[in-house]
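Chemist: This is entry27.txt (compact mmCIF, C-alpha atoms).
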# COMPACT_ATOMS: atom_id res chain seq x y z
CA MET Y 1 116.06 124.28 114.24
CA THR Y 2 119.68 124.43 113.20
CA THR Y 3 119.21 127.35 110.86
CA ASP Y 4 121.41 129.93 112.55
CA THR Y 5 124.38 130.21 110.22
CA THR Y 6 126.26 132.79 112.26
CA VAL Y 7 126.83 131.04 115.55
CA LEU Y 8 126.97 127.53 116.82
CA ASP Y 9 125.06 128.49 119.94
CA GLY Y 10 121.80 126.65 119.75
CA LEU Y 11 122.99 123.99 117.37
CA ASP Y 12 122.04 120.57 118.57
CA PHE Y 13 123.89 117.34 118.13
CA PRO Y 14 122.71 113.75 118.39
CA THR Y 15 122.46 111.97 121.69
CA PRO Y 16 123.49 108.40 120.90
CA PRO Y 17 122.12 105.95 120.06
CA LEU Y 18 120.08 108.35 117.92
CA ALA Y 19 121.88 109.66 114.84
CA VAL Y 20 119.77 112.80 114.42
CA ALA Y 21 120.16 115.94 116.48
CA ASP Y 22 117.98 116.45 119.52
CA ASP Y 23 116.12 119.32 117.88
CA VAL Y 24 115.22 117.05 114.96
CA ALA Y 25 113.98 114.34 117.32
CA ASP Y 26 111.94 117.00 119.10
CA LEU Y 27 110.51 118.45 115.88
CA LEU Y 28 109.50 115.11 114.39
CA PHE Y 29 108.40 113.23 117.48
CA ARG Y 30 109.22 114.27 121.03
CA GLU Y 31 107.71 117.74 121.12
CA ALA Y 32 105.29 117.42 118.21
CA ARG Y 33 101.67 117.35 119.25
CA THR Y 34 98.35 116.79 117.55
CA ALA Y 35 97.58 120.38 116.60
CA ALA Y 36 94.11 121.77 117.15
CA GLU Y 37 94.89 125.50 117.09
CA PHE Y 38 96.57 127.13 114.12
CA VAL Y 39 98.07 130.58 113.69
CA PRO Y 40 97.74 132.67 110.53
CA GLY Y 41 99.94 131.65 107.65
CA GLU Y 42 99.32 129.88 104.42
CA VAL Y 43 100.19 126.26 103.67
CA THR Y 44 101.39 126.41 100.07
CA ASP Y 45 101.23 123.81 97.34
CA ALA Y 46 105.02 124.08 97.18
CA GLN Y 47 105.24 123.03 100.84
CA LEU Y 48 102.97 120.04 100.34
CA GLU Y 49 104.80 119.00 97.19
CA ALA Y 50 108.14 119.19 99.04
CA VAL Y 51 106.70 117.02 101.81
CA TYR Y 52 105.46 114.47 99.30
CA ASP Y 53 108.78 114.52 97.47
CA LEU Y 54 110.43 113.64 100.78
CA VAL Y 55 108.12 110.88 101.95
CA LYS Y 56 107.62 109.25 98.56
CA TRP Y 57 111.00 107.60 99.18
CA GLY Y 58 109.66 105.60 102.12
CA PRO Y 59 109.39 101.85 101.46
CA THR Y 60 106.15 100.13 100.42
CA ALA Y 61 105.51 96.54 99.35
CA MET Y 62 106.84 96.09 95.83
CA ASN Y 63 107.27 99.89 95.72
CA THR Y 64 103.55 100.16 95.01
CA LEU Y 65 103.09 103.60 96.65
CA PRO Y 66 99.29 103.35 96.99
CA MET Y 67 98.82 106.42 99.22
CA ARG Y 68 96.95 109.32 97.68
CA MET Y 69 96.34 112.80 99.05
CA LEU Y 70 93.26 114.92 98.53
CA VAL Y 71 94.27 118.45 99.51
CA VAL Y 72 91.10 120.20 100.64
CA ARG Y 73 91.68 123.90 100.28
CA THR Y 74 88.65 125.85 99.02
CA PRO Y 75 86.02 127.03 101.52
CA GLU Y 76 83.34 125.09 99.65
CA ALA Y 77 85.28 121.82 99.71
CA ARG Y 78 86.28 122.36 103.35
CA ALA Y 79 82.64 122.80 104.33
CA ARG Y 80 81.71 119.58 102.51
CA LEU Y 81 84.49 117.70 104.27
CA ALA Y 82 83.64 119.12 107.70
CA ALA Y 83 80.03 117.99 107.29
CA LEU Y 84 81.28 114.43 106.79
CA MET Y 85 83.47 114.36 109.91
CA ASN Y 86 82.21 113.11 113.25
CA GLU Y 87 80.69 115.96 115.19
CA GLY Y 88 83.68 116.39 117.51
CA ASN Y 89 86.03 116.81 114.55
CA ARG Y 90 84.07 119.35 112.47
CA ASP Y 91 85.37 122.46 114.19
CA ARG Y 92 88.89 121.10 113.94
CA VAL Y 93 88.63 120.86 110.18
CA LEU Y 94 87.12 124.33 109.93
CA ALA Y 95 89.89 125.76 112.13
CA ALA Y 96 92.68 124.52 109.86
CA PRO Y 97 93.85 126.29 106.71
CA VAL Y 98 94.20 123.01 104.82
CA SER Y 99 93.12 119.43 105.41
CA ILE Y 100 94.46 116.37 103.63
CA VAL Y 101 92.23 113.35 103.14
CA VAL Y 102 94.78 110.53 103.11
CA ALA Y 103 93.48 107.72 100.92
CA ALA Y 104 94.44 104.38 99.43
CA ASP Y 105 94.19 103.77 95.69
CA PRO Y 106 93.07 100.21 94.84
CA GLY Y 107 94.06 101.07 91.27
CA PHE Y 108 97.71 101.33 92.27
CA HIS Y 109 98.55 98.28 90.13
CA GLN Y 110 98.35 100.39 86.97
CA HIS Y 111 101.70 101.90 87.98
CA ILE Y 112 103.52 98.62 88.69
CA PRO Y 113 105.29 98.42 85.30
CA THR Y 114 106.87 101.81 86.06
CA LEU Y 115 107.42 101.44 89.81
CA ALA Y 116 108.49 97.77 89.89
CA PRO Y 117 109.56 96.85 86.34
CA HIS Y 118 111.05 93.54 87.57
CA ALA Y 119 107.49 92.53 88.56
CA ALA Y 120 105.59 94.17 85.72
CA GLY Y 121 103.46 91.07 85.14
CA PHE Y 122 101.94 91.48 88.58
CA LYS Y 123 99.82 94.29 87.15
CA ASP Y 124 97.75 91.82 85.14
CA VAL Y 125 97.59 89.32 88.00
CA LEU Y 126 96.17 91.99 90.31
CA GLU Y 127 93.71 93.30 87.72
CA GLY Y 128 91.43 90.34 88.47
CA GLN Y 129 91.89 90.53 92.26
CA PRO Y 130 90.14 93.68 93.49
CA GLU Y 131 89.97 92.49 97.11
CA THR Y 132 93.70 91.79 97.23
CA ARG Y 133 94.34 95.20 95.70
CA GLU Y 134 92.14 96.95 98.23
CA SER Y 135 93.86 95.19 101.11
CA MET Y 136 97.37 95.86 99.77
CA ALA Y 137 96.47 99.48 99.09
CA ARG Y 138 95.11 100.00 102.59
CA THR Y 139 98.05 98.33 104.38
CA ASN Y 140 100.73 100.19 102.50
CA ALA Y 141 98.96 103.54 102.37
CA LEU Y 142 98.62 103.47 106.17
CA ILE Y 143 102.36 102.90 106.53
CA GLN Y 144 102.84 105.82 104.14
CA ALA Y 145 100.46 107.91 106.29
CA GLY Y 146 103.00 107.45 109.08
CA TYR Y 147 105.74 108.77 106.80
CA LEU Y 148 103.48 111.66 105.76
CA ILE Y 149 102.85 112.86 109.30
CA VAL Y 150 106.60 112.83 109.97
CA GLY Y 151 107.22 114.59 106.65
CA LEU Y 152 104.73 117.39 107.35
CA ARG Y 153 106.50 117.98 110.66
CA ALA Y 154 109.84 117.94 108.85
CA ALA Y 155 108.51 120.93 106.91
CA GLY Y 156 107.78 122.68 110.19
CA LEU Y 157 104.03 122.26 109.85
CA GLY Y 158 101.56 121.40 112.59
CA THR Y 159 99.49 118.29 112.01
CA GLY Y 160 96.24 117.08 113.49
CA ALA Y 161 95.31 113.56 112.36
CA MET Y 162 91.75 112.33 112.81
CA GLY Y 163 89.99 109.06 112.08
CA GLY Y 164 86.50 109.92 113.26
CA MET Y 165 84.63 110.45 110.01
CA ASP Y 166 82.09 109.06 107.57
CA PHE Y 167 84.49 107.13 105.34
CA GLN Y 168 81.84 106.00 102.86
CA GLY Y 169 80.35 109.48 102.69
CA ILE Y 170 83.77 111.01 102.00
CA ASP Y 171 84.49 108.40 99.32
CA ASP Y 172 81.13 109.11 97.70
CA ALA Y 173 81.59 112.88 97.87
CA PHE Y 174 85.20 113.10 96.69
CA PHE Y 175 86.30 109.80 95.17
CA ALA Y 176 83.35 108.68 93.03
CA ASP Y 177 85.49 109.01 89.90
CA ASN Y 178 88.84 107.60 90.97
CA GLY Y 179 87.84 104.90 93.47
CA TRP Y 180 90.21 106.07 96.21
CA LYS Y 181 89.35 104.91 99.75
CA SER Y 182 89.67 107.42 102.58
CA LEU Y 183 91.78 106.38 105.56
CA LEU Y 184 92.18 109.46 107.75
CA VAL Y 185 92.17 113.25 107.62
CA ILE Y 186 95.14 115.38 108.61
CA ASN Y 187 94.59 119.04 109.39
CA VAL Y 188 97.68 121.01 108.42
CA GLY Y 189 98.74 124.50 109.35
CA ASN Y 190 101.18 126.67 111.19
CA VAL Y 191 101.37 126.40 114.96
CA GLU Y 192 102.99 128.28 117.78
CA GLY Y 193 104.20 126.08 120.59
CA ALA Y 194 102.23 122.90 121.03
CA GLY Y 195 99.23 123.96 118.97
CA THR Y 196 96.97 122.39 121.55
CA SER Y 197 95.91 123.09 125.10
CA ARG Y 198 95.37 119.43 125.96
CA PRO Y 199 97.80 117.78 128.35
CA ARG Y 200 100.07 115.27 126.70
CA GLY Y 201 98.98 111.64 127.01
CA GLU Y 202 101.11 108.96 128.61
CA ARG Y 203 102.88 106.45 126.38
CA LEU Y 204 103.49 102.74 126.77
CA THR Y 205 107.06 101.85 127.68
CA TYR Y 206 109.33 99.72 125.52
CA GLY Y 207 108.81 96.93 128.03
CA GLN Y 208 105.05 97.14 127.60
CA ALA Y 209 105.11 97.31 123.82
CA SER Y 210 107.81 94.75 123.00
CA LEU Y 211 109.03 91.23 123.58
CA THR Y 212 112.41 89.73 122.71
CA VAL Y 213 112.95 86.14 121.70
CA MET G 1 128.17 138.86 110.91
CA THR G 2 130.63 136.24 109.86
CA THR G 3 130.38 132.52 109.48
CA ASP G 4 133.17 130.32 110.75
CA THR G 5 133.45 128.03 107.76
CA THR G 6 136.04 125.86 109.46
CA VAL G 7 133.61 124.94 112.17
CA LEU G 8 130.59 124.78 109.89
CA ASP G 9 132.24 122.49 107.33
CA GLY G 10 130.17 119.34 107.15
CA LEU G 11 127.12 120.78 108.85
CA ASP G 12 124.04 120.76 106.68
CA PHE G 13 121.21 123.22 106.71
CA PRO G 14 117.61 122.97 105.57
CA THR G 15 116.56 123.69 102.03
CA PRO G 16 113.19 125.41 102.43
CA PRO G 17 110.39 124.54 102.54
CA LEU G 18 111.83 121.66 104.59
CA ALA G 19 112.79 122.56 108.14
CA VAL G 20 115.25 119.71 108.65
CA ALA G 21 118.79 119.71 107.31
CA ASP G 22 119.51 118.00 104.02
CA ASP G 23 121.54 115.28 105.71
CA VAL G 24 118.54 114.45 107.91
CA ALA G 25 116.20 114.32 104.91
CA ASP G 26 118.73 112.04 103.21
CA LEU G 27 119.14 109.78 106.26
CA LEU G 28 115.43 109.35 106.90
CA PHE G 29 114.06 109.27 103.36
CA ARG G 30 115.96 110.41 100.32
CA GLU G 31 119.01 108.15 100.49
CA ALA G 32 117.60 105.41 102.71
CA ARG G 33 117.04 102.14 100.92
CA THR G 34 115.47 98.81 101.77
CA ALA G 35 118.55 97.06 103.12
CA ALA G 36 119.29 93.50 102.10
CA GLU G 37 123.01 93.34 102.95
CA PHE G 38 124.26 94.05 106.44
CA VAL G 39 127.79 94.59 107.74
CA PRO G 40 129.05 93.23 111.07
CA GLY G 41 127.90 95.11 114.15
CA GLU G 42 125.40 94.39 116.81
CA VAL G 43 121.94 95.97 117.13
CA THR G 44 121.57 96.47 120.87
CA ASP G 45 118.47 96.48 123.02
CA ALA G 46 119.45 100.01 124.01
CA GLN G 47 119.27 101.09 120.38
CA LEU G 48 115.84 99.54 119.87
CA GLU G 49 114.54 101.02 123.11
CA ALA G 50 115.78 104.47 122.07
CA VAL G 51 114.02 104.08 118.72
CA TYR G 52 110.79 103.07 120.46
CA ASP G 53 111.13 105.93 122.93
CA LEU G 54 111.31 108.26 119.93
CA VAL G 55 108.46 106.92 117.85
CA LYS G 56 106.07 106.26 120.74
CA TRP G 57 105.31 110.00 120.58
CA GLY G 58 103.76 109.70 117.12
CA PRO G 59 99.98 110.19 117.07
CA THR G 60 97.47 107.34 117.09
CA ALA G 61 93.67 107.41 117.37
CA MET G 62 92.78 108.21 120.98
CA ASN G 63 96.47 107.67 121.82
CA THR G 64 95.82 103.94 121.74
CA LEU G 65 99.36 102.96 120.67
CA PRO G 66 98.43 99.45 119.48
CA MET G 67 101.74 98.64 117.74
CA ARG G 68 103.82 95.90 119.31
CA MET G 69 107.31 94.71 118.45
CA LEU G 70 108.62 91.18 118.67
CA VAL G 71 112.40 91.46 118.55
CA VAL G 72 113.68 88.21 117.07
CA ARG G 73 117.25 87.83 118.17
CA THR G 74 118.25 84.24 119.07
CA PRO G 75 119.36 81.87 116.31
CA GLU G 76 116.58 79.44 117.22
CA ALA G 77 113.86 82.09 117.00
CA ARG G 78 115.35 83.53 113.84
CA ALA G 79 115.25 80.12 112.16
CA ARG G 80 111.60 79.68 113.19
CA LEU G 81 110.73 83.09 111.76
CA ALA G 82 112.66 82.51 108.53
CA ALA G 83 110.76 79.27 107.96
CA LEU G 84 107.50 81.23 108.11
CA MET G 85 108.53 83.86 105.56
CA ASN G 86 107.79 83.52 101.86
CA GLU G 87 110.63 81.72 100.14
CA GLY G 88 112.14 84.86 98.63
CA ASN G 89 112.37 86.51 102.05
CA ARG G 90 113.96 83.68 104.07
CA ASP G 91 117.56 84.46 103.21
CA ARG G 92 116.93 88.11 103.95
CA VAL G 93 115.84 87.29 107.49
CA LEU G 94 118.81 84.98 108.00
CA ALA G 95 121.21 87.65 106.70
CA ALA G 96 120.10 90.23 109.29
CA PRO G 97 121.35 90.42 112.87
CA VAL G 98 117.87 91.21 114.21
CA SER G 99 114.36 91.13 112.80
CA ILE G 100 111.32 92.84 114.26
CA VAL G 101 107.89 91.34 113.77
CA VAL G 102 105.69 94.44 113.84
CA ALA G 103 102.29 93.49 115.22
CA ALA G 104 98.94 94.96 116.28
CA ASP G 105 97.53 94.24 119.72
CA PRO G 106 93.72 93.88 119.70
CA GLY G 107 93.97 94.02 123.49
CA PHE G 108 95.17 97.63 123.35
CA HIS G 109 91.98 98.79 125.04
CA GLN G 110 93.27 97.56 128.42
CA HIS G 111 95.61 100.56 128.43
CA ILE G 112 92.99 103.21 127.57
CA PRO G 113 92.44 104.38 131.16
CA THR G 114 96.18 105.22 131.33
CA LEU G 115 96.72 106.45 127.79
CA ALA G 116 93.44 108.36 127.34
CA PRO G 117 92.03 109.02 130.82
CA HIS G 118 89.43 111.44 129.37
CA ALA G 119 87.95 108.45 127.50
CA ALA G 120 88.54 105.75 130.11
CA GLY G 121 85.02 104.37 129.70
CA PHE G 122 85.84 103.40 126.12
CA LYS G 123 87.79 100.45 127.53
CA ASP G 124 84.58 98.71 128.60
CA VAL G 125 82.77 99.65 125.40
CA LEU G 126 85.53 98.05 123.33
CA GLU G 127 85.74 94.95 125.51
CA GLY G 128 82.62 93.61 123.82
CA GLN G 129 83.69 94.64 120.30
CA PRO G 130 86.59 92.40 119.27
CA GLU G 131 86.19 93.14 115.56
CA THR G 132 86.31 96.88 116.11
CA ARG G 133 89.38 96.43 118.29
CA GLU G 134 91.13 94.33 115.69
CA SER G 135 90.41 96.89 112.97
CA MET G 136 91.47 99.86 115.14
CA ALA G 137 94.62 98.02 116.21
CA ARG G 138 95.57 97.20 112.65
CA THR G 139 94.95 100.69 111.26
CA ASN G 140 96.87 102.50 113.95
CA ALA G 141 99.70 99.99 114.26
CA LEU G 142 100.36 100.32 110.52
CA ILE G 143 100.64 104.09 110.87
CA GLN G 144 103.04 103.45 113.77
CA ALA G 145 105.01 101.05 111.55
CA GLY G 146 105.68 104.04 109.32
CA TYR G 147 107.00 105.96 112.33
CA LEU G 148 109.09 102.94 113.33
CA ILE G 149 110.86 102.65 109.99
CA VAL G 150 111.71 106.36 110.14
CA GLY G 151 112.83 105.97 113.77
CA LEU G 152 115.15 103.06 113.03
CA ARG G 153 116.77 105.16 110.34
CA ALA G 154 117.02 108.05 112.78
CA ALA G 155 119.21 105.74 114.86
CA GLY G 156 121.43 105.17 111.85
CA LEU G 157 120.19 101.63 111.31
CA GLY G 158 119.47 99.95 108.01
CA THR G 159 115.95 98.60 107.60
CA GLY G 160 114.45 96.03 105.28
CA ALA G 161 110.67 95.79 105.57
CA MET G 162 108.88 92.75 104.16
CA GLY G 163 105.24 91.74 103.95
CA GLY G 164 105.60 88.38 102.22
CA MET G 165 105.05 85.91 105.04
CA ASP G 166 102.69 83.40 106.62
CA PHE G 167 100.85 85.78 108.95
CA GLN G 168 98.71 83.10 110.58
CA GLY G 169 101.71 80.82 111.02
CA ILE G 170 103.71 83.61 112.67
CA ASP G 171 100.80 84.47 114.95
CA ASP G 172 100.45 80.80 115.92
CA ALA G 173 104.19 80.39 116.52
CA PHE G 174 104.87 83.59 118.44
CA PHE G 175 101.60 85.18 119.59
CA ALA G 176 99.49 82.26 120.82
CA ASP G 177 99.57 83.69 124.37
CA ASN G 178 99.11 87.42 123.78
CA GLY G 179 96.86 87.54 120.70
CA TRP G 180 99.05 89.97 118.77
CA LYS G 181 98.51 90.02 114.99
CA SER G 182 101.59 90.21 112.76
CA LEU G 183 101.65 92.98 110.15
CA LEU G 184 105.14 93.00 108.65
CA VAL G 185 108.72 92.06 109.41
CA ILE G 186 111.57 94.56 109.45
CA ASN G 187 115.13 93.30 109.19
CA VAL G 188 117.43 95.62 111.12
CA GLY G 189 121.18 95.96 111.05
CA ASN G 190 124.14 98.08 110.16
CA VAL G 191 124.72 98.96 106.53
CA GLU G 192 127.43 100.53 104.46
CA GLY G 193 126.18 102.68 101.65
CA ALA G 194 122.83 101.65 100.26
CA GLY G 195 122.80 98.17 101.80
CA THR G 196 121.37 96.83 98.58
CA SER G 197 122.59 96.24 95.05
CA ARG G 198 119.16 96.75 93.49
CA PRO G 199 118.57 99.86 91.43
CA ARG G 200 116.27 102.35 93.06
CA GLY G 201 112.67 102.22 91.92
CA GLU G 202 110.86 105.16 90.38
CA ARG G 203 108.36 107.09 92.46
CA LEU G 204 105.01 108.63 91.60
CA THR G 205 105.06 112.40 91.34
CA TYR G 206 103.02 114.72 93.54
CA GLY G 207 100.78 115.32 90.55
CA GLN G 208 100.14 111.60 90.19
CA ALA G 209 99.51 110.98 93.88
CA SER G 210 97.43 114.02 94.81
CA LEU G 211 94.44 116.13 93.90
CA THR G 212 93.50 119.57 95.21
CA VAL G 213 89.93 120.79 95.67
Output the file's structure in the form of structure tokens.

Modeler:
Amino acid sequence: MTTDTTVLDGLDFPTPPLAVADDVADLLFREARTAAEFVPGEVTDAQLEAVYDLVKWGPTAMNTLPMRMLVVRTPEARARLAALMNEGNRDRVLAAPVSIVVAADPGFHQHIPTLAPHAAGFKDVLEGQPETRESMARTNALIQAGYLIVGLRAAGLGTGAMGGMDFQGIDDAFFADNGWKSLLVINVGNVEGAGTSRPRGERLTYGQASLTV
Amino acid sequence: MTTDTTVLDGLDFPTPPLAVADDVADLLFREARTAAEFVPGEVTDAQLEAVYDLVKWGPTAMNTLPMRMLVVRTPEARARLAALMNEGNRDRVLAAPVSIVVAADPGFHQHIPTLAPHAAGFKDVLEGQPETRESMARTNALIQAGYLIVGLRAAGLGTGAMGGMDFQGIDDAFFADNGWKSLLVINVGNVEGAGTSRPRGERLTYGQASLTV
């Protein structure tokens, strides 16, 4: 990172057409890996709040911000969560200092008068449309999950996202009161190097993933 | 040790706990707005390919990478797309130099042997499960859409994401051959300042959007 204030050696500059420095591109995307091995070091509430305060600015439909985060920190809660992951993901949860259950809140419409005052009346329209709310919450919270993974990396944290889990079981265990719907789990911690011993997977090329008309 | 303030003028450094410089945090999230007004200046294929080549590294389930991008560039195609947007979004499409229809590819499983060779057999399992494929594609492509919006900003581009559109009509008009499913449209162009005259919406606080157990 560009934190050395005494010398310019080691400072990175953007390679156009990117507008961020190479070390930033590496940190957020190019060298970041799905972490499975963490090194000692706490993940503080202050870190997670700073990450949220960064990614909360990302756009969502009508500024509805339906993503919610359950930060699973205590040994008891971590054991409950691990038991509800698919077998291959249990050890990964237990190996991390903190896991975040990323969820969607179908009750997001309660906040519309504050978040989108020009559309305040939409709160009452959505009150009677629980299926629309659930779909909107899921769509936009998943986009926000993308921001969140980038934001955790922007705080220098290792992230391991996983979707293999008992969604209904997690909702029953953790969200019986607030109605949140689990979407994925992200293990969060400090890493050295890649944080994984797996070889890096190939990626589709721009030509494979896009068309121009 | 001394700091050469002449040279360092204008360079920004991270404010912990973030590990990216303040100007990066501003560019990607804090000062970025949903752009509605673009200034002259082309968005090149090279720019969009560089953005894709950045965000393709973001994690997806089993490295399936189901997000696809339809880059809508010609006046004829842009008029067809605009006609399929909700009325309030038509002028926004027409005001942008380029729009990207972000889509999910339920045929992503064809690439599993390349992208996830350790799970190559999953390709045949998924072949007979079109509903599972459609759900997996949608979930992971939406997370990738979050990466994409950040990546476009990392290339210094203004982005205006919109979900108000005739999804089925767009799929019929543009994806009849490949089966892609449209998820959102992102207008892309060059902006000066905020690229919008709308006041910035409030955001939920960390305390409102998270719980810790």

Chemist: Quick one: contact table of chain G to chain Y, 6 Å max, nearest atom pair and distance in Å to one decimal per residue, counting all atoms listed in the file, chain and number order, as JSON lines?

Modeler:
{"residue": "G:Thr3", "atom": "CA", "partner": "Y:Thr6", "partner_atom": "CA", "distance": 5.0}
{"residue": "G:Pro17", "atom": "CA", "partner": "Y:Gln47", "partner_atom": "CA", "distance": 5.6}
{"residue": "G:Leu18", "atom": "CA", "partner": "Y:Ala155", "partner_atom": "CA", "distance": 4.1}
{"residue": "G:Ala19", "atom": "CA", "partner": "Y:Ala155", "partner_atom": "CA", "distance": 4.7}
{"residue": "G:Val20", "atom": "CA", "partner": "Y:Ala154", "partner_atom": "CA", "distance": 5.7}
{"residue": "G:Phe29", "atom": "CA", "partner": "Y:Trp57", "partner_atom": "CA", "distance": 5.4}
{"residue": "G:Arg30", "atom": "CA", "partner": "Y:Trp57", "partner_atom": "CA", "distance": 5.8}
{"residue": "G:Gln47", "atom": "CA", "partner": "Y:Pro17", "partner_atom": "CA", "distance": 5.6}
{"residue": "G:Glu49", "atom": "CA", "partner": "Y:Tyr206", "partner_atom": "CA", "distance": 5.9}
{"residue": "G:Trp57", "atom": "CA", "partner": "Y:Phe29", "partner_atom": "CA", "distance": 5.4}
{"residue": "G:Gly58", "atom": "CA", "partner": "Y:Phe29", "partner_atom": "CA", "distance": 5.8}
{"residue": "G:Arg68", "atom": "CA", "partner": "Y:Ala209", "partner_atom": "CA", "distance": 4.9}
{"residue": "G:Met69", "atom": "CA", "partner": "Y:Ser210", "partner_atom": "CA", "distance": 4.6}
{"residue": "G:Leu70", "atom": "CA", "partner": "Y:Leu211", "partner_atom": "CA", "distance": 4.9}
{"residue": "G:Val71", "atom": "CA", "partner": "Y:Thr212", "partner_atom": "CA", "distance": 4.5}
{"residue": "G:Val72", "atom": "CA", "partner": "Y:Val213", "partner_atom": "CA", "distance": 5.1}
{"residue": "G:Arg73", "atom": "CA", "partner": "Y:Val213", "partner_atom": "CA", "distance": 5.8}
{"residue": "G:Leu115", "atom": "CA", "partner": "Y:Glu202", "partner_atom": "CA", "distance": 5.1}
{"residue": "G:Leu142", "atom": "CA", "partner": "Y:Ile143", "partner_atom": "CA", "distance": 5.2}
{"residue": "G:Ile143", "atom": "CA", "partner": "Y:Gly146", "partner_atom": "CA", "distance": 4.5}
{"residue": "G:Ala145", "atom": "CA", "partner": "Y:Ile143", "partner_atom": "CA", "distance": 6.0}
{"residue": "G:Gly146", "atom": "CA", "partner": "Y:Gly146", "partner_atom": "CA", "distance": 4.3}
{"residue": "G:Tyr147", "atom": "CA", "partner": "Y:Gly146", "partner_atom": "CA", "distance": 5.4}
{"residue": "G:Ala154", "atom": "CA", "partner": "Y:Ala19", "partner_atom": "CA", "distance": 5.5}
{"residue": "G:Ala155", "atom": "CA", "partner": "Y:Leu18", "partner_atom": "CA", "distance": 4.1}
{"residue": "G:Gly156", "atom": "CA", "partner": "Y:Ala19", "partner_atom": "CA", "distance": 5.4}
{"residue": "G:Gly201", "atom": "CA", "partner": "Y:Leu115", "partner_atom": "CA", "distance": 5.7}
{"residue": "G:Glu202", "atom": "CA", "partner": "Y:Leu115", "partner_atom": "CA", "distance": 5.1}
{"residue": "G:Tyr206", "atom": "CA", "partner": "Y:Glu49", "partner_atom": "CA", "distance": 5.9}
{"residue": "G:Ala209", "atom": "CA", "partner": "Y:Arg68", "partner_atom": "CA", "distance": 4.9}
{"residue": "G:Ser210", "atom": "CA", "partner": "Y:Met69", "partner_atom": "CA", "distance": 4.5}
{"residue": "G:Leu211", "atom": "CA", "partner": "Y:Leu70", "partner_atom": "CA", "distance": 4.9}
{"residue": "G:Thr212", "atom": "CA", "partner": "Y:Val71", "partner_atom": "CA", "distance": 4.5}
{"residue": "G:Val213", "atom": "CA", "partner": "Y:Val72", "partner_atom": "CA", "distance": 5.1}

Chemist: What separation in Å, quoted to one decimal, exists between CA of Glu42 (chain Y) and CA of Asn187 (chain Y)?

Modeler: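 Going from CA of Glu42 (chain Y) over to CA of Asn187 (chain Y), I get 12.8 Å.
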
Chemist: So how far away is CA of Glu134 (chain G) from CA of Ala104 (chain G), in Å?

Modeler: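 According to the coordinates, CA of Ala104 (chain G) and CA of Glu134 (chain G) are separated by 7.9 Å.
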
Chemist: What separation in Å, quoted to one decimal, exists between CA of Asn86 (chain G) and CA of Ala120 (chain Y)?

Modeler: 19.5 Å

Chemist: Any idea what's packed within 10 Å of Asp171 (chain G), counting all atoms listed in the file, ignoring anything in its chain fewer than 2 positions away? Could you give it as a ChimeraX atom specification?

Modeler: /G:101,103,166-169,173-183
